[in-house]
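Trainee: Enclosed is the structure file run09.cif (mmCIF, C-alpha atoms).
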```
data_structure
loop_
_atom_site.label_atom_id
_atom_site.label_comp_id
_atom_site.auth_asym_id
_atom_site.auth_seq_id
_atom_site.Cartn_x
_atom_site.Cartn_y
_atom_site.Cartn_z
CA MET A 1 0.00 0.00 0.00
CA ALA A 2 1.33 3.37 -0.87
CA ALA A 3 2.19 5.69 2.02
CA ALA A 4 -0.22 8.51 2.68
CA GLY A 5 1.20 11.76 1.39
CA ALA A 6 0.15 15.34 0.79
CA PRO A 7 -2.45 15.99 -1.87
CA ASP A 8 -1.27 16.99 -5.33
CA GLY A 9 -0.38 20.71 -5.60
CA MET A 10 0.42 21.08 -1.89
CA GLU A 11 3.78 20.92 -0.19
CA GLU A 12 4.44 19.25 3.03
CA PRO A 13 5.52 21.38 5.96
CA GLY A 14 9.26 21.94 6.09
CA MET A 15 9.87 21.63 2.37
CA ASP A 16 10.58 25.36 1.92
CA THR A 17 12.99 25.39 4.80
CA GLU A 18 14.87 22.40 3.46
CA ALA A 19 15.11 24.00 -0.01
CA GLU A 20 16.47 27.24 1.44
CA THR A 21 19.04 25.35 3.49
CA VAL A 22 20.19 23.40 0.45
CA ALA A 23 20.43 26.62 -1.60
CA ALA A 24 22.47 28.29 1.10
CA GLU A 25 24.84 25.36 1.46
CA ALA A 26 25.29 24.90 -2.30
CA PRO A 27 28.48 26.61 -3.55
CA ALA A 28 27.95 29.52 -5.95
CA ARG A 29 28.71 28.61 -9.58
CA PRO A 30 31.16 30.99 -11.28
CA LEU A 31 29.54 33.12 -14.00
CA ASN A 32 30.82 32.86 -17.49
CA CYS A 33 31.76 36.01 -19.46
CA MET A 34 28.36 36.56 -21.07
CA GLU A 35 26.48 36.14 -17.81
CA ALA A 36 28.82 38.59 -16.01
CA GLU A 37 28.38 41.26 -18.70
CA ALA A 38 24.57 40.89 -18.56
CA ALA A 39 24.54 41.21 -14.79
CA ALA A 40 26.75 44.32 -14.86
CA GLY A 41 24.52 45.98 -17.48
CA ALA A 42 21.39 45.33 -15.41
CA ALA A 43 23.02 46.87 -12.34
CA ALA A 44 24.03 49.98 -14.30
CA GLU A 45 20.47 50.40 -15.57
CA ASP A 46 19.14 50.15 -12.00
CA VAL A 47 21.53 52.88 -10.84
CA CYS A 48 20.55 55.20 -13.69
CA ALA A 49 16.88 54.61 -13.01
CA ALA A 50 17.37 55.41 -9.36
CA ARG A 51 19.20 58.62 -10.25
CA GLY A 52 16.44 59.59 -12.66
CA ASN A 53 13.90 59.39 -9.87
CA LEU A 54 15.82 61.97 -7.79
CA GLN A 55 14.46 65.45 -8.66
CA PRO A 56 16.63 68.46 -7.74
CA ALA A 57 15.04 70.93 -5.33
CA PRO A 58 13.68 73.96 -7.21
CA ALA A 59 15.87 77.04 -6.80
CA GLN A 60 14.29 79.86 -4.82
CA PRO A 61 14.19 83.16 -6.71
CA PRO A 62 16.23 85.90 -5.01
CA GLY A 63 13.16 87.96 -4.09
CA ASP A 64 11.00 85.06 -2.92
CA PRO A 65 10.16 85.71 0.76
CA ALA A 66 9.58 81.98 1.32
CA GLY A 67 13.23 81.28 0.55
CA ARG A 68 14.70 83.66 3.09
CA ALA A 69 14.13 84.72 6.66
CA SER A 70 11.67 87.52 7.38
CA VAL A 71 13.42 90.90 7.75
CA SER A 72 11.88 93.89 9.47
CA ASN A 73 11.68 97.09 7.48
CA GLY A 74 12.82 99.07 10.49
CA GLU A 75 9.48 100.76 11.07
CA ASP A 76 8.26 98.43 13.78
CA ALA A 77 11.56 96.90 14.87
CA GLY A 78 12.88 96.94 18.38
CA GLY A 79 9.51 96.96 20.10
CA GLY A 80 8.69 93.25 20.11
CA SER A 81 5.64 94.23 18.06
CA ALA A 82 4.79 90.76 16.73
CA GLY A 83 1.13 90.15 17.49
CA ARG A 84 0.64 93.69 18.88
CA GLU A 85 -1.72 96.27 17.42
CA LEU A 86 0.19 98.85 15.36
CA VAL A 87 -0.70 102.38 14.29
CA ASP A 88 0.71 104.42 11.42
CA LEU A 89 2.44 107.57 12.67
CA LYS A 90 3.94 110.58 10.92
CA ILE A 91 6.85 111.78 13.05
CA ILE A 92 7.84 115.34 12.15
CA TRP A 93 11.19 116.72 13.31
CA ASN A 94 13.29 119.50 11.82
CA LYS A 95 10.74 119.84 8.97
CA THR A 96 11.32 116.21 7.97
CA LYS A 97 8.55 113.59 8.06
CA HIS A 98 9.14 109.94 8.97
CA ASP A 99 6.39 107.36 8.37
CA VAL A 100 6.56 104.57 10.95
CA LYS A 101 4.42 101.81 12.43
CA PHE A 102 4.44 101.62 16.22
CA PRO A 103 2.67 99.49 18.85
CA LEU A 104 -0.42 101.23 20.20
CA ASP A 105 0.22 99.92 23.72
CA SER A 106 3.78 101.31 23.91
CA THR A 107 4.50 104.22 26.25
CA GLY A 108 5.68 107.72 25.47
CA SER A 109 9.10 106.73 26.80
CA GLU A 110 9.31 103.87 24.29
CA LEU A 111 8.22 106.24 21.52
CA LYS A 112 11.16 108.51 22.40
CA GLN A 113 13.51 105.55 22.00
CA LYS A 114 12.03 104.91 18.54
CA ILE A 115 12.47 108.58 17.61
CA HIS A 116 16.07 108.35 18.80
CA SER A 117 16.71 105.42 16.45
CA ILE A 118 15.26 107.40 13.52
CA THR A 119 16.64 110.90 14.09
CA GLY A 120 19.60 110.44 16.45
CA LEU A 121 17.92 112.88 18.84
CA PRO A 122 18.57 111.73 22.45
CA PRO A 123 15.37 111.01 24.42
CA ALA A 124 16.41 113.44 27.17
CA MET A 125 16.50 116.25 24.60
CA GLN A 126 13.19 115.44 22.91
CA LYS A 127 9.90 117.22 23.40
CA VAL A 128 7.24 115.01 21.79
CA MET A 129 3.82 116.52 21.17
CA TYR A 130 0.44 115.13 20.18
CA LYS A 131 -2.38 117.40 21.29
CA GLY A 132 0.05 118.63 23.91
CA LEU A 133 3.13 117.06 25.47
CA VAL A 134 3.15 113.24 25.28
CA PRO A 135 3.51 111.77 28.82
CA GLU A 136 6.33 109.24 29.12
CA ASP A 137 4.39 106.93 31.43
CA LYS A 138 1.19 106.66 29.38
CA THR A 139 0.56 104.49 26.34
CA LEU A 140 -0.44 105.81 22.95
CA ARG A 141 -3.80 104.12 23.42
CA GLU A 142 -4.37 105.97 26.70
CA ILE A 143 -3.78 109.37 25.09
CA LYS A 144 -6.05 108.33 22.20
CA VAL A 145 -3.50 108.30 19.37
CA THR A 146 -5.13 107.17 16.13
CA SER A 147 -3.66 105.74 12.94
CA GLY A 148 -2.26 108.49 10.71
CA ALA A 149 -1.58 110.82 13.66
CA LYS A 150 1.13 113.45 13.33
CA ILE A 151 3.70 113.49 16.14
CA MET A 152 5.64 116.74 16.45
CA VAL A 153 9.17 116.54 17.86
CA VAL A 154 11.38 119.46 18.90
CA GLY A 155 14.88 119.26 20.28
CA SER A 156 18.55 119.53 19.39
CA THR A 157 21.05 116.77 18.74
CA ILE A 158 24.28 116.52 20.70
CA ASN A 159 26.20 117.82 17.67
CA ASP A 160 23.95 120.88 17.50
CA VAL A 161 24.59 121.62 21.16
CA LEU A 162 28.35 121.15 20.81
CA ALA A 163 28.34 123.44 17.77
CA VAL A 164 27.49 126.38 20.03
CA ASN A 165 30.85 128.05 20.62
CA THR A 166 31.97 129.83 23.75
CA PRO A 167 32.63 133.28 22.22
CA LYS A 168 29.06 133.42 20.96
CA ASP A 169 27.76 132.45 24.40
CA SER A 170 29.85 135.17 25.97
CA ALA A 171 28.50 137.74 23.53
CA GLN A 172 24.95 136.69 24.34
CA GLN A 173 25.62 136.93 28.06
CA ASP A 174 27.07 140.39 27.60
CA ALA A 175 24.02 141.42 25.60
CA LYS A 176 21.73 140.13 28.33
CA ALA A 177 23.71 141.94 30.98
CA GLU A 178 23.37 145.16 28.96
CA GLU A 179 19.65 144.63 28.62
CA ASN A 180 19.35 144.17 32.38
CA LYS A 181 20.81 147.63 32.83
CA LYS A 182 18.15 149.12 30.58
CA GLU A 183 14.74 150.22 31.70
CA PRO A 184 12.30 147.26 31.91
CA LEU A 185 10.16 146.91 28.80
CA CYS A 186 6.95 147.27 30.76
CA ARG A 187 8.01 150.80 31.79
CA GLN A 188 8.69 151.96 28.25
CA LYS A 189 6.15 154.37 26.85
CA GLN A 190 5.12 152.24 23.87
CA HIS A 191 4.15 149.36 26.16
CA ARG A 192 2.87 151.43 29.04
CA LYS A 193 -0.08 152.71 27.04
CA VAL A 194 -1.30 149.13 26.58
CA LEU A 195 -0.51 147.88 30.09
CA ASP A 196 -2.23 150.88 31.69
CA LYS A 197 -5.52 149.51 30.40
CA GLY A 198 -5.17 146.90 33.09
CA LYS A 199 -5.54 143.14 32.98
CA PRO A 200 -8.27 141.99 30.58
CA GLU A 201 -11.33 140.55 32.27
CA ASP A 202 -11.38 137.47 30.03
CA VAL A 203 -7.64 136.71 30.22
CA MET A 204 -6.77 133.07 30.88
CA PRO A 205 -5.84 132.17 34.49
CA SER A 206 -2.14 132.07 35.37
CA VAL A 207 -0.18 129.70 37.62
CA LYS A 208 2.89 131.43 39.00
CA GLY A 209 6.03 129.29 39.27
CA ALA A 210 4.61 126.50 37.08
CA GLN A 211 5.47 125.26 33.60
CA GLU A 212 2.73 123.58 31.60
CA ARG A 213 2.38 122.25 28.09
CA LEU A 214 0.29 124.16 25.59
CA PRO A 215 -3.46 123.82 26.11
CA THR A 216 -5.60 122.16 23.46
CA VAL A 217 -7.56 125.42 23.00
CA PRO A 218 -6.25 128.76 21.70
CA LEU A 219 -4.64 131.19 24.17
CA SER A 220 -7.09 134.08 24.28
CA GLY A 221 -8.02 137.22 26.21
CA MET A 222 -4.70 138.99 25.50
CA TYR A 223 -3.92 142.40 23.97
CA ASN A 224 -1.74 143.29 20.98
CA LYS A 225 0.28 146.48 20.53
CA SER A 226 -2.73 148.49 19.42
CA GLY A 227 -4.71 147.41 22.48
CA GLY A 228 -7.01 145.09 20.53
CA LYS A 229 -7.86 141.57 21.63
CA VAL A 230 -5.64 138.80 20.23
CA ARG A 231 -5.53 135.02 20.46
CA LEU A 232 -2.75 132.53 19.67
CA THR A 233 -3.54 129.17 18.07
CA PHE A 234 -0.75 126.60 17.68
CA LYS A 235 -1.42 124.38 14.65
CA LEU A 236 1.14 121.68 15.33
CA GLU A 237 -0.04 119.46 12.47
CA GLN A 238 0.64 122.29 10.02
CA ASP A 239 3.68 123.67 11.87
CA GLN A 240 2.01 127.10 11.99
CA LEU A 241 1.19 129.80 14.52
CA TRP A 242 -2.12 131.58 13.94
CA ILE A 243 -2.37 135.10 15.38
CA GLY A 244 -6.04 136.06 15.37
CA THR A 245 -7.69 139.43 15.90
CA LYS A 246 -11.21 140.67 15.35
CA GLU A 247 -10.25 141.83 11.86
CA ARG A 248 -8.13 138.94 10.54
CA THR A 249 -5.99 135.87 11.26
CA GLU A 250 -2.31 135.75 10.34
CA LYS A 251 -1.09 132.20 9.58
CA LEU A 252 2.66 132.15 10.18
CA PRO A 253 4.96 129.18 9.48
CA MET A 254 6.86 128.58 12.69
CA GLY A 255 10.10 128.39 10.71
CA SER A 256 9.62 132.02 9.63
CA ILE A 257 9.66 133.33 13.22
CA LYS A 258 13.22 134.42 14.00
CA ASN A 259 12.98 134.75 17.77
CA VAL A 260 10.63 134.90 20.76
CA VAL A 261 11.30 137.22 23.69
CA SER A 262 9.34 137.77 26.87
CA GLU A 263 9.43 139.67 30.15
CA PRO A 264 7.26 139.48 33.27
CA ILE A 265 4.88 142.40 33.70
CA GLU A 266 5.94 144.46 36.70
CA GLY A 267 3.44 144.09 39.51
CA HIS A 268 1.83 141.12 37.72
CA GLU A 269 4.73 138.68 37.48
CA ASP A 270 2.37 135.77 36.80
CA TYR A 271 1.81 137.28 33.34
CA HIS A 272 4.30 138.16 30.58
CA MET A 273 4.53 140.48 27.64
CA MET A 274 5.87 138.53 24.66
CA ALA A 275 7.14 139.40 21.18
CA PHE A 276 7.45 137.26 18.04
CA GLN A 277 10.20 138.49 15.69
CA LEU A 278 8.80 138.22 12.15
CA GLY A 279 11.69 139.90 10.32
CA PRO A 280 15.43 140.56 10.59
CA THR A 281 15.21 143.44 13.12
CA GLU A 282 13.43 144.31 16.35
CA ALA A 283 11.17 146.60 14.37
CA SER A 284 9.35 143.47 13.18
CA TYR A 285 8.34 142.42 16.73
CA TYR A 286 4.67 141.47 17.13
CA TRP A 287 3.83 142.17 20.77
CA VAL A 288 1.31 140.25 22.84
CA TYR A 289 0.45 141.27 26.41
CA TRP A 290 -0.86 139.27 29.39
CA VAL A 291 0.46 135.84 28.41
CA PRO A 292 0.01 133.39 31.36
CA THR A 293 3.46 132.61 32.74
CA GLN A 294 2.98 128.82 32.84
CA TYR A 295 2.84 128.69 29.01
CA VAL A 296 5.84 130.93 28.23
CA ASP A 297 8.48 128.17 27.95
CA ALA A 298 6.14 125.88 26.00
CA ILE A 299 5.47 128.67 23.47
CA LYS A 300 9.21 129.30 22.96
CA ASP A 301 10.02 125.61 22.55
CA THR A 302 7.15 125.02 20.14
CA VAL A 303 7.76 128.07 17.93
CA LEU A 304 11.54 127.93 17.78
CA GLY A 305 11.73 124.15 17.54
CA LYS A 306 14.73 123.93 19.85
CA TRP A 307 15.61 123.88 23.51
CA GLN A 308 16.02 127.12 25.37
CA TYR A 309 19.07 127.41 27.62
CA PHE A 310 19.00 129.97 30.42
#
```
Before we go any further, please render this structure as structure tokens.
Mentor:
Amino acid sequence: MAAAGAPDGMEEPGMDTEAETVAAEAPARPLNCMEAEAAAGAAAEDVCAARGNLQPAPAQPPGDPAGRASVSNGEDAGGGSAGRELVDLKIIWNKTKHDVKFPLDSTGSELKQKIHSITGLPPAMQKVMYKGLVPEDKTLREIKVTSGAKIMVVGSTINDVLAVNTPKDSAQQDAKAEENKKEPLCRQKQHRKVLDKGKPEDVMPSVKGAQERLPTVPLSGMYNKSGGKVRLTFKLEQDQLWIGTKERTEKLPMGSIKNVVSEPIEGHEDYHMMAFQLGPTEASYYWVYWVPTQYVDAIKDTVLGKWQYF
């Protein structure tokens, strides 16, 4: 009787393992010349095919922002402004405008640092104005700065200060000493006729011994040389001083005003008489009387666009 075996078409367990063992133990037969050449050709084709499947990375065009790191344009740098709300500002200094973007929640002190990086003007020598003097400890949002706002800056660089030479200072001191020997302006006849009218009833209140920034409303209730009422409006956005009377309003570019002089009114030292020099000589002085003393320094700084040294 024949031994029971596996059905036709099926292999008994272990047959594959035995075949692999035999194949592994069998010595490799040397290839003849034709077989070796065929094998080498097939290998070369495989290498070429593999190389053909490797596509070179596309070159990034020089201006493609995806191929290079993001670079700040300098307008909003230095403030860690990523993710912060920015406003567009026009910073005006020395008759030059600078368009910048700046974080709305940054303080006035941080804005001065930004202005320093743009103009070279040291923060300690800056007077920054937006509807009055910008407080260093308040944010732009707190003082209600809006996008497109114009920020006026006055001040002198270190080089400007160093450019002032000693002989000139001495000459100015001598001139001041000579003026001190002269009769006070308020006693001179041309001014006495206006001051003798007395203090105007509607003049703005004064604060003796204080220095304040310019108010947001015009300075009014004062007299001019002819004894008529006059008001001063400081248009910082236009860099102009408006001198208004009942008859007309003179709109003067601040850069056209050569000098500003003032003197306390005798007996009323909390008010000043002030002159704006509109031409090359003292004959061009436009006199204004009963200016509240707390605004005198702010007027000089704003009109002349530089620091006053006394």
Trainee: Check the smallest atom-to-atom distance from each of A:Thr119, A:Gln188, A:Asp99, A:Tyr286 to Ser147 in chain A using all atoms listed in the file, then report the winner.
Mentor: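 Closest to Ser147 in chain A, using all atoms listed in the file: A:Asp99.
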Trainee: Between CA of Pro292 in chain A and CA of Pro184 in chain A, what distance in Å does the model show, to one decimal?
Mentor: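 Here the two named atoms are 18.5 Å from each other.
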Trainee: Could you spell out the hits of the PyMOL selection byres ((chain A and resi 105) around 10) on the shown file, as a VMD selection string?
Mentor: chain A and resid 81 84 to 87 102 to 104 106 to 108 110 138 to 142
Trainee: I need the output of the PyMOL selection byres ((chain A and resi 258) around 9) for this file as a list in words; which residues are they?
Mentor: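 Selected by the PyMOL selection byres ((chain A and resi 258) around 9) in this file: Met254, Gly255, Ser256, Ile257, Asn259, Val260, Phe276, Gln277, Leu278, Gly279, Pro280 and Leu304 of chain A.
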Trainee: Set the distance at 10 Å and use all atoms listed in the file: which residues neighbour Pro215 in chain A once local chain neighbours fewer than 6 positions away are removed? I'd like the list as a PyMOL selection string.
Mentor: chain A and resi 131-133+233-234+295+298
Trainee: For the residues in that selection, give me C-alpha atoms as a PDB file, in the frame of the given file.
Mentor:
```
ATOM      1  CA  LYS A 131      -2.380 117.400  21.290  1.00  0.00           C
ATOM      2  CA  GLY A 132       0.050 118.630  23.910  1.00  0.00           C
ATOM      3  CA  LEU A 133       3.130 117.060  25.470  1.00  0.00           C
ATOM      4  CA  THR A 233      -3.540 129.170  18.070  1.00  0.00           C
ATOM      5  CA  PHE A 234      -0.750 126.600  17.680  1.00  0.00           C
ATOM      6  CA  TYR A 295       2.840 128.690  29.010  1.00  0.00           C
ATOM      7  CA  ALA A 298       6.140 125.880  26.000  1.00  0.00           C
TER       8      ALA A 298
END
```
Trainee: If I take CA of Leu121 in chain A and CA of Lys300 in chain A, how far is one from the other in Å, to one decimal?
Mentor: 19.0 Å
Trainee: At a cut-off of 12 Å, using only C-alpha atoms, what residues contact Glu263 in chain A? Leave out same-chain residues fewer than 3 positions from it and give the result as a list in words.
Mentor: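 These residues fall inside the cut-off: Glu179, Asn180, Glu183, Pro184, Leu185, Cys186, Arg187, His191, Val260, Glu266, Gly267, His268, Glu269, Asp270, Tyr271, His272, Met273, Met274, Ala275, Trp287, Val288, Tyr289, Trp290, Val291, Pro292, Thr293, Val296 and Asp297 of chain A.
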Trainee: In Å, rounded to a single decimal, give me how far CA of Leu111 in chain A is from CA of Glu136 in chain A.
Mentor: 8.4 Å
Trainee: Considering all atoms listed in the file, return as a PyMOL selection string whatever protein or nucleic-acid residues lie within 9 Å of Trp242 in chain A, sequence-local ones (same chain, fewer than 5 positions apart) excluded.
Mentor: chain A and resi 231-235+249-253
Trainee: With all atoms listed in the file as the counted atoms, please give the residues lying no more than 7 Å from Leu89 in chain A, apart from itself and same-chain residues fewer than 3 positions off, as a compact mmCIF listing (two decimals) with C-alpha atoms, keeping the file's coordinate frame.
Mentor:
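Saved file result-v4.txt follows:
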```txt
# COMPACT_ATOMS: atom_id res chain seq x y z
CA ASP A 99 6.39 107.36 8.37
CA VAL A 100 6.56 104.57 10.95
CA LYS A 101 4.42 101.81 12.43
CA SER A 147 -3.66 105.74 12.94
CA GLY A 148 -2.26 108.49 10.71
CA ALA A 149 -1.58 110.82 13.66
CA LYS A 150 1.13 113.45 13.33
CA ILE A 151 3.70 113.49 16.14
```
